[in-house]
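*Asks:* Contents of my_file.cif (mmCIF, C-alpha atoms and all ligand atoms) are given next:
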```
data_coords
#
loop_
_atom_site.group_PDB
_atom_site.id
_atom_site.type_symbol
_atom_site.label_atom_id
_atom_site.label_comp_id
_atom_site.auth_asym_id
_atom_site.auth_seq_id
_atom_site.Cartn_x
_atom_site.Cartn_y
_atom_site.Cartn_z
ATOM 1 C CA MET J 1 -4.362 21.984 -18.692
ATOM 2 C CA THR J 2 -2.006 23.282 -16.060
ATOM 3 C CA ALA J 3 -1.706 21.264 -12.890
ATOM 4 C CA TYR J 4 -2.417 24.199 -10.584
ATOM 5 C CA ASP J 5 -5.108 26.804 -10.228
ATOM 6 C CA ALA J 6 -6.842 28.583 -7.379
ATOM 7 C CA THR J 7 -8.930 25.505 -6.536
ATOM 8 C CA THR J 8 -5.905 23.182 -6.357
ATOM 9 C CA ALA J 9 -3.601 22.863 -3.364
ATOM 10 C CA LEU J 10 -0.156 21.341 -3.079
ATOM 11 C CA VAL J 11 0.119 19.423 0.201
ATOM 12 C CA VAL J 12 3.720 18.704 1.195
ATOM 13 C CA VAL J 13 3.744 16.050 3.904
ATOM 14 C CA ASP J 14 6.346 16.001 6.694
ATOM 15 C CA LEU J 15 9.397 17.186 4.742
ATOM 16 C CA GLN J 16 11.280 17.456 8.033
ATOM 17 C CA ASN J 17 14.860 16.858 9.087
ATOM 18 C CA ASP J 18 14.211 13.640 10.994
ATOM 19 C CA PHE J 19 12.795 12.054 7.817
ATOM 20 C CA ALA J 20 14.602 13.934 5.046
ATOM 21 C CA ASP J 21 18.111 14.469 6.406
ATOM 22 C CA PRO J 22 20.386 11.395 6.342
ATOM 23 C CA ALA J 23 21.298 12.283 9.958
ATOM 24 C CA GLY J 24 17.636 12.345 11.016
ATOM 25 C CA SER J 25 16.457 9.841 13.604
ATOM 26 C CA LEU J 26 13.965 8.282 11.161
ATOM 27 C CA ALA J 27 15.822 9.047 7.944
ATOM 28 C CA VAL J 28 13.967 7.784 4.879
ATOM 29 C CA ALA J 29 16.203 6.466 2.106
ATOM 30 C CA GLY J 30 16.031 8.952 -0.744
ATOM 31 C CA GLY J 31 14.229 11.495 1.409
ATOM 32 C CA ASP J 32 16.579 14.350 0.622
ATOM 33 C CA ALA J 33 16.553 13.490 -3.091
ATOM 34 C CA ILE J 34 12.896 14.480 -3.444
ATOM 35 C CA VAL J 35 13.461 18.045 -2.220
ATOM 36 C CA PRO J 36 14.321 19.522 -5.671
ATOM 37 C CA ARG J 37 11.204 17.967 -7.200
ATOM 38 C CA VAL J 38 9.064 19.256 -4.360
ATOM 39 C CA ASN J 39 10.566 22.696 -4.860
ATOM 40 C CA ASP J 40 9.744 22.586 -8.585
ATOM 41 C CA GLU J 41 6.131 21.797 -7.664
ATOM 42 C CA VAL J 42 6.145 24.663 -5.160
ATOM 43 C CA ARG J 43 7.305 27.007 -7.920
ATOM 44 C CA ARG J 44 4.586 25.850 -10.320
ATOM 45 C CA ALA J 45 1.928 26.115 -7.623
ATOM 46 C CA THR J 46 3.125 29.585 -6.639
ATOM 47 C CA GLU J 47 3.077 30.793 -10.249
ATOM 48 C CA ALA J 48 -0.540 29.656 -10.582
ATOM 49 C CA GLY J 49 -1.606 31.267 -7.318
ATOM 50 C CA ALA J 50 -2.363 27.881 -5.786
ATOM 51 C CA LEU J 51 -2.334 27.212 -2.054
ATOM 52 C CA ILE J 52 0.656 25.350 -0.634
ATOM 53 C CA VAL J 53 0.350 23.645 2.748
ATOM 54 C CA ALA J 54 3.136 21.926 4.690
ATOM 55 C CA THR J 55 2.267 19.337 7.302
ATOM 56 C CA GLN J 56 4.629 18.554 10.163
ATOM 57 C CA ASP J 57 4.826 15.518 12.384
ATOM 58 C CA TRP J 58 4.951 17.233 15.776
ATOM 59 C CA HIS J 59 5.328 14.979 18.792
ATOM 60 C CA PRO J 60 5.687 15.591 22.522
ATOM 61 C CA GLU J 61 8.775 14.111 24.181
ATOM 62 C CA SER J 62 6.820 11.131 25.378
ATOM 63 C CA THR J 63 4.096 9.463 23.306
ATOM 64 C CA PRO J 64 2.930 5.870 22.693
ATOM 65 C CA HIS J 65 4.015 6.565 19.091
ATOM 66 C CA PHE J 66 7.634 6.051 20.225
ATOM 67 C CA ALA J 67 9.185 2.613 20.820
ATOM 68 C CA ARG J 68 10.529 3.660 24.225
ATOM 69 C CA ASP J 69 6.929 4.414 25.282
ATOM 70 C CA GLY J 70 5.514 1.176 23.906
ATOM 71 C CA GLY J 71 5.060 2.103 20.251
ATOM 72 C CA THR J 72 6.874 1.537 16.987
ATOM 73 C CA TRP J 73 9.184 4.401 16.188
ATOM 74 C CA PRO J 74 12.480 5.867 17.318
ATOM 75 C CA VAL J 75 12.051 9.280 18.905
ATOM 76 C CA HIS J 76 11.497 11.749 16.047
ATOM 77 C CA CYS J 77 9.973 15.134 15.239
ATOM 78 C CA VAL J 78 9.705 16.277 18.833
ATOM 79 C CA GLY J 79 8.099 19.714 18.559
ATOM 80 C CA GLY J 80 10.596 22.553 18.670
ATOM 81 C CA THR J 81 13.677 20.402 17.952
ATOM 82 C CA TRP J 82 15.922 20.338 14.881
ATOM 83 C CA GLY J 83 14.369 17.055 13.747
ATOM 84 C CA ALA J 84 10.911 18.612 13.576
ATOM 85 C CA GLU J 85 12.052 21.580 11.469
ATOM 86 C CA LEU J 86 11.275 21.578 7.788
ATOM 87 C CA HIS J 87 14.254 20.546 5.666
ATOM 88 C CA PRO J 88 16.361 23.686 5.097
ATOM 89 C CA SER J 89 16.387 23.235 1.307
ATOM 90 C CA PHE J 90 12.605 22.997 1.114
ATOM 91 C CA ALA J 91 11.589 26.314 -0.440
ATOM 92 C CA LEU J 92 8.249 26.814 1.234
ATOM 93 C CA PRO J 93 6.991 30.346 0.525
ATOM 94 C CA ALA J 94 6.759 32.651 3.521
ATOM 95 C CA GLY J 95 3.218 32.676 4.843
ATOM 96 C CA ALA J 96 2.303 29.193 3.608
ATOM 97 C CA PRO J 97 0.262 27.497 6.325
ATOM 98 C CA HIS J 98 1.777 24.726 8.419
ATOM 99 C CA VAL J 99 -0.384 21.977 9.881
ATOM 100 C CA ARG J 100 1.218 20.362 12.904
ATOM 101 C CA LYS J 101 -0.134 17.005 14.015
ATOM 102 C CA GLY J 102 0.511 14.892 17.049
ATOM 103 C CA SER J 103 1.288 17.668 19.526
ATOM 104 C CA ASN J 104 -1.015 16.179 22.145
ATOM 105 C CA GLY J 105 0.452 12.720 21.713
ATOM 106 C CA GLU J 106 -1.973 11.612 19.023
ATOM 107 C CA ASP J 107 -0.458 8.961 16.797
ATOM 108 C CA GLY J 108 -2.437 9.238 13.592
ATOM 109 C CA TYR J 109 -0.391 9.591 10.444
ATOM 110 C CA SER J 110 -2.750 11.664 8.323
ATOM 111 C CA GLY J 111 -2.468 15.403 7.882
ATOM 112 C CA PHE J 112 -6.267 15.508 8.188
ATOM 113 C CA THR J 113 -6.920 13.456 11.307
ATOM 114 C CA MET J 114 -5.314 12.712 14.640
ATOM 115 C CA ARG J 115 -6.003 9.631 16.713
ATOM 116 C CA ASP J 116 -6.028 9.461 20.496
ATOM 117 C CA PRO J 117 -3.556 6.663 21.273
ATOM 118 C CA VAL J 118 -5.592 5.464 24.276
ATOM 119 C CA THR J 119 -9.197 5.689 23.124
ATOM 120 C CA GLY J 120 -8.584 5.492 19.366
ATOM 121 C CA ALA J 121 -10.930 8.457 18.902
ATOM 122 C CA GLU J 122 -10.163 10.493 15.809
ATOM 123 C CA ARG J 123 -10.414 14.213 15.494
ATOM 124 C CA PRO J 124 -9.640 16.523 12.619
ATOM 125 C CA THR J 125 -6.618 18.791 12.249
ATOM 126 C CA GLU J 126 -7.198 22.227 10.724
ATOM 127 C CA LEU J 127 -6.203 21.002 7.243
ATOM 128 C CA GLU J 128 -9.653 20.259 5.854
ATOM 129 C CA GLY J 129 -11.082 23.588 7.013
ATOM 130 C CA LEU J 130 -8.120 25.407 5.584
ATOM 131 C CA LEU J 131 -8.741 23.843 2.167
ATOM 132 C CA ARG J 132 -12.533 24.271 2.254
ATOM 133 C CA ASP J 133 -12.272 27.929 3.301
ATOM 134 C CA ARG J 134 -10.343 28.616 0.108
ATOM 135 C CA GLY J 135 -12.646 26.592 -2.146
ATOM 136 C CA ILE J 136 -10.033 23.922 -2.823
ATOM 137 C CA THR J 137 -11.412 20.844 -4.588
ATOM 138 C CA ARG J 138 -8.203 19.231 -5.837
ATOM 139 C CA VAL J 139 -5.038 18.337 -3.949
ATOM 140 C CA ARG J 140 -1.621 17.202 -5.115
ATOM 141 C CA VAL J 141 0.270 15.298 -2.442
ATOM 142 C CA CYS J 142 4.014 14.720 -2.064
ATOM 143 C CA GLY J 143 6.555 14.365 0.759
ATOM 144 C CA LEU J 144 7.405 11.726 3.368
ATOM 145 C CA ALA J 145 6.813 8.979 3.963
ATOM 146 C CA THR J 146 4.948 7.148 1.191
ATOM 147 C CA ASP J 147 3.896 4.214 3.373
ATOM 148 C CA TYR J 148 2.751 6.228 6.423
ATOM 149 C CA CYS J 149 1.869 9.896 6.460
ATOM 150 C CA VAL J 150 1.679 10.411 2.697
ATOM 151 C CA LYS J 151 -0.573 7.392 2.278
ATOM 152 C CA ALA J 152 -2.825 8.307 5.220
ATOM 153 C CA THR J 153 -3.109 11.902 4.025
ATOM 154 C CA ALA J 154 -3.949 10.944 0.435
ATOM 155 C CA LEU J 155 -6.521 8.337 1.565
ATOM 156 C CA ASP J 156 -8.211 10.898 3.824
ATOM 157 C CA ALA J 157 -8.206 13.470 1.022
ATOM 158 C CA VAL J 158 -10.080 11.074 -1.264
ATOM 159 C CA ARG J 159 -12.459 10.060 1.522
ATOM 160 C CA LEU J 160 -13.236 13.730 2.128
ATOM 161 C CA GLY J 161 -14.079 14.225 -1.547
ATOM 162 C CA PHE J 162 -10.987 15.986 -2.849
ATOM 163 C CA ALA J 163 -9.768 14.949 -6.301
ATOM 164 C CA THR J 164 -6.360 13.671 -5.227
ATOM 165 C CA VAL J 165 -3.127 13.235 -7.154
ATOM 166 C CA LEU J 166 -0.069 11.539 -5.656
ATOM 167 C CA LEU J 167 3.270 12.707 -7.084
ATOM 168 C CA ALA J 168 5.100 9.395 -7.179
ATOM 169 C CA ASP J 169 8.523 10.863 -7.963
ATOM 170 C CA ALA J 170 8.297 13.328 -5.074
ATOM 171 C CA VAL J 171 7.747 10.807 -2.264
ATOM 172 C CA ALA J 172 9.946 8.213 -0.536
ATOM 173 C CA ALA J 173 9.065 5.254 1.664
ATOM 174 C CA VAL J 174 10.238 4.008 5.073
ATOM 175 C CA ASP J 175 9.924 0.410 3.783
ATOM 176 C CA LEU J 176 10.042 -1.247 7.217
ATOM 177 C CA ALA J 177 9.288 -4.310 5.115
ATOM 178 C CA PRO J 178 10.521 -4.318 1.516
ATOM 179 C CA GLY J 179 7.714 -3.318 -0.844
ATOM 180 C CA ASP J 180 5.735 -1.250 1.669
ATOM 181 C CA GLY J 181 6.103 1.838 -0.510
ATOM 182 C CA GLU J 182 4.871 -0.008 -3.603
ATOM 183 C CA ASP J 183 1.980 -1.501 -1.628
ATOM 184 C CA ALA J 184 1.069 1.973 -0.412
ATOM 185 C CA LEU J 185 0.894 3.254 -3.992
ATOM 186 C CA GLY J 186 -1.392 0.318 -4.825
ATOM 187 C CA ALA J 187 -3.657 1.038 -1.857
ATOM 188 C CA MET J 188 -3.881 4.705 -2.777
ATOM 189 C CA SER J 189 -4.640 3.879 -6.390
ATOM 190 C CA ASP J 190 -7.330 1.379 -5.344
ATOM 191 C CA ALA J 191 -8.945 4.098 -3.222
ATOM 192 C CA GLY J 192 -9.163 6.484 -6.144
ATOM 193 C CA VAL J 193 -5.951 8.478 -5.831
ATOM 194 C CA GLU J 194 -4.460 9.313 -9.221
ATOM 195 C CA ILE J 195 -0.814 8.249 -9.245
ATOM 196 C CA ALA J 196 1.154 10.715 -11.349
ATOM 197 C CA VAL J 197 4.589 12.290 -11.595
ATOM 198 C CA SER J 198 5.499 15.846 -10.744
ATOM 199 C CA GLY J 199 5.602 18.499 -13.454
HETATM 200 C C1 LIG J 201 5.768 9.186 9.763
HETATM 201 C C2 LIG J 201 6.430 7.303 10.887
HETATM 202 C C3 LIG J 201 6.198 7.911 12.084
HETATM 203 C C4 LIG J 201 5.569 9.892 8.456
HETATM 204 C C5 LIG J 201 5.510 9.807 10.963
HETATM 205 O O1 LIG J 201 5.634 11.141 8.404
HETATM 206 O O2 LIG J 201 5.337 9.193 7.448
HETATM 207 N N1 LIG J 201 6.210 7.927 9.736
HETATM 208 N N2 LIG J 201 5.732 9.169 12.118
HETATM 209 ZN ZN ZN J 202 5.664 10.408 13.902
#
```
Please render this file's structure as structure tokens.
*Replies:*
Amino acid sequence: MTAYDATTALVVVDLQNDFADPAGSLAVAGGDAIVPRVNDEVRRATEAGALIVATQDWHPESTPHFARDGGTWPVHCVGGTWGAELHPSFALPAGAPHVRKGSNGEDGYSGFTMRDPVTGAERPTELEGLLRDRGITRVRVCGLATDYCVKATALDAVRLGFATVLLADAVAAVDLAPGDGEDALGAMSDAGVEIAVSG
């Protein structure tokens, strides 16, 4: 069985300069090393006519997501800046949809949902509708970072009823604490995500 068909989508999470470039403000160790494997998946998906979607962390200049505004993270992926651009070696086909999350200051990590940082209220991004409109029932997830946006996206995908595969050799973790990436794989597996390798 081939991994891709018209009902399967490849979801590439946040493969952006601030995470994937060693000079990025929230550079993930090994982030740039996954790009060739992501590109191989993109090629396979394209050959099978499968949908490819890229998510982007897309923050305003000031958001409670950032440490300087009371949150956790260094300033990163401010919409319209170099850090928010997709990594230049990421061969996303022209016309592939982009889902940008966080532009109103929401601090959710998932490509599917955004969370109001004040009220905690969640609301959907356009990702689910985009998949449903095309009859997608299976998703393959890769990108950055394993312990935050990849994990949240894969958990939401399962919760929403998509058969979900995590490409463990095409992700990398922030690992604020050692082992966070491994723990994230365990949590995804426990929730019903199939942990696999690309190819
Ligand atoms: C992410 C930390 C902060 C991610 C986004 O894409 O995994 N991590 N914002
Ligand atoms: Zn962020």
*Asks:* Evaluate the PyMOL selection byres (((chain J and resi 12) around 10) and not hetatm) on the structure here and hand back the selected residues as JSON, numbers by chain.
*Replies:* {"J": [9, 10, 11, 13, 14, 15, 38, 39, 41, 42, 52, 53, 54, 55, 56, 90, 92, 98, 111, 140, 141, 142, 143, 144, 150, 170, 171]}
*Asks:* Starting from 8 Å padding per side, set up an axis-aligned box that covers all listed atoms of range 62-65 of chain J and hand over centre and edge lengths in Å, one decimal, as JSON.
*Replies:*
```
{"center_x": 4.9, "center_y": 8.5, "center_z": 22.2, "size_x": 19.9, "size_y": 21.3, "size_z": 22.3}
```
*Asks:* Just say which residues the PyMOL selection byres (((chain J and resi 176-189) around 10) and not hetatm) picks in this file, as a ChimeraX atom specification.
*Replies:* /J:145-148,150-155,158,164-166,168,171-175,190-195
*Asks:* If you apply the PyMOL selection byres (((chain J and resi 58) around 9) and not hetatm) to this file, what residues do you get, as a PyMOL selection string?
*Replies:* chain J and resi 56-57+59-60+76-80+84+100-105
*Asks:* One decimal, in Å: what's the spacing between CA of Phe19 in chain J and CA of Gly199 in chain J?
*Replies:*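 According to the coordinates, CA of Phe19 in chain J and CA of Gly199 in chain J are separated by 23.4 Å.
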*Asks:* How far is it from CA of Ser62 in chain J to CA of Asp107 in chain J, in Å with one decimal?
*Replies:*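 About the pair CA of Ser62 in chain J and CA of Asp107 in chain J: they are 11.5 Å apart.
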*Asks:* Which residue gives the smallest distance to ligand LIG 201 (chain J) among J:Asp116, J:Asp18, J:Glu122, J:Glu128, with all atoms listed in the file counted?
*Replies:*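 Comparing J:Asp116, J:Asp18, J:Glu122, J:Glu128 against ligand LIG 201 (chain J), the winner is J:Asp18.
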*Asks:* What gap, in Å, lies between atom N1 of ligand LIG 201 (chain J) and CA of Leu51 in chain J?
*Replies:*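 Calculated distance between atom N1 of ligand LIG 201 (chain J) and CA of Leu51 in chain J is 24.2 Å.
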*Asks:* Give the answer as one residue: which of J:Ser89, J:Thr137, J:Thr72, J:Thr46 has the shortest atom-to-atom distance to Ile34 in chain J, using only C-alpha atoms?
*Replies:*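 Looking only at the distances to Ile34 in chain J, the closest residue turns out to be J:Ser89.
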*Asks:* Using all atoms listed in the file, find the one residue out of J:Thr2, J:Thr119, J:Ser25, J:Ser198 that sits nearest to ligand LIG 201 (chain J).
*Replies:* J:Ser25
*Asks:* Using all atoms listed in the file, which of the listed residues (J:Leu26, J:Ala121, J:Asp21, J:Cys149) sits closest to ligand LIG 201 (chain J)?
*Replies:* J:Cys149
*Asks:* Which is closer to ligand ZN 202 (chain J) than all the others in J:Val35, J:Val75, J:Met114, J:Ala45, using all atoms listed in the file?
*Replies:*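 Selected residue with least distance to ligand ZN 202 (chain J): J:Val75.
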*Asks:* So, counting all atoms listed in the file, which residue among J:Pro74, J:Gly31, J:Gly161, J:Gly83 is closest to Arg132 in chain J?
*Replies:*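 Closest to Arg132 in chain J of all the choices is J:Gly161.
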*Asks:* Can you tell me which residues surround Thr7 in chain J at a distance of at most 10 Å, considering all atoms listed in the file, apart from same-chain residues fewer than 5 positions away, and format the answer as a list in words?
*Replies:*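 Neighbouring residues, sequence-local ones excluded: Gly49, Ala50, Leu51, Leu131, Arg132, Arg134, Gly135, Ile136, Thr137, Arg138 and Val139 of chain J.
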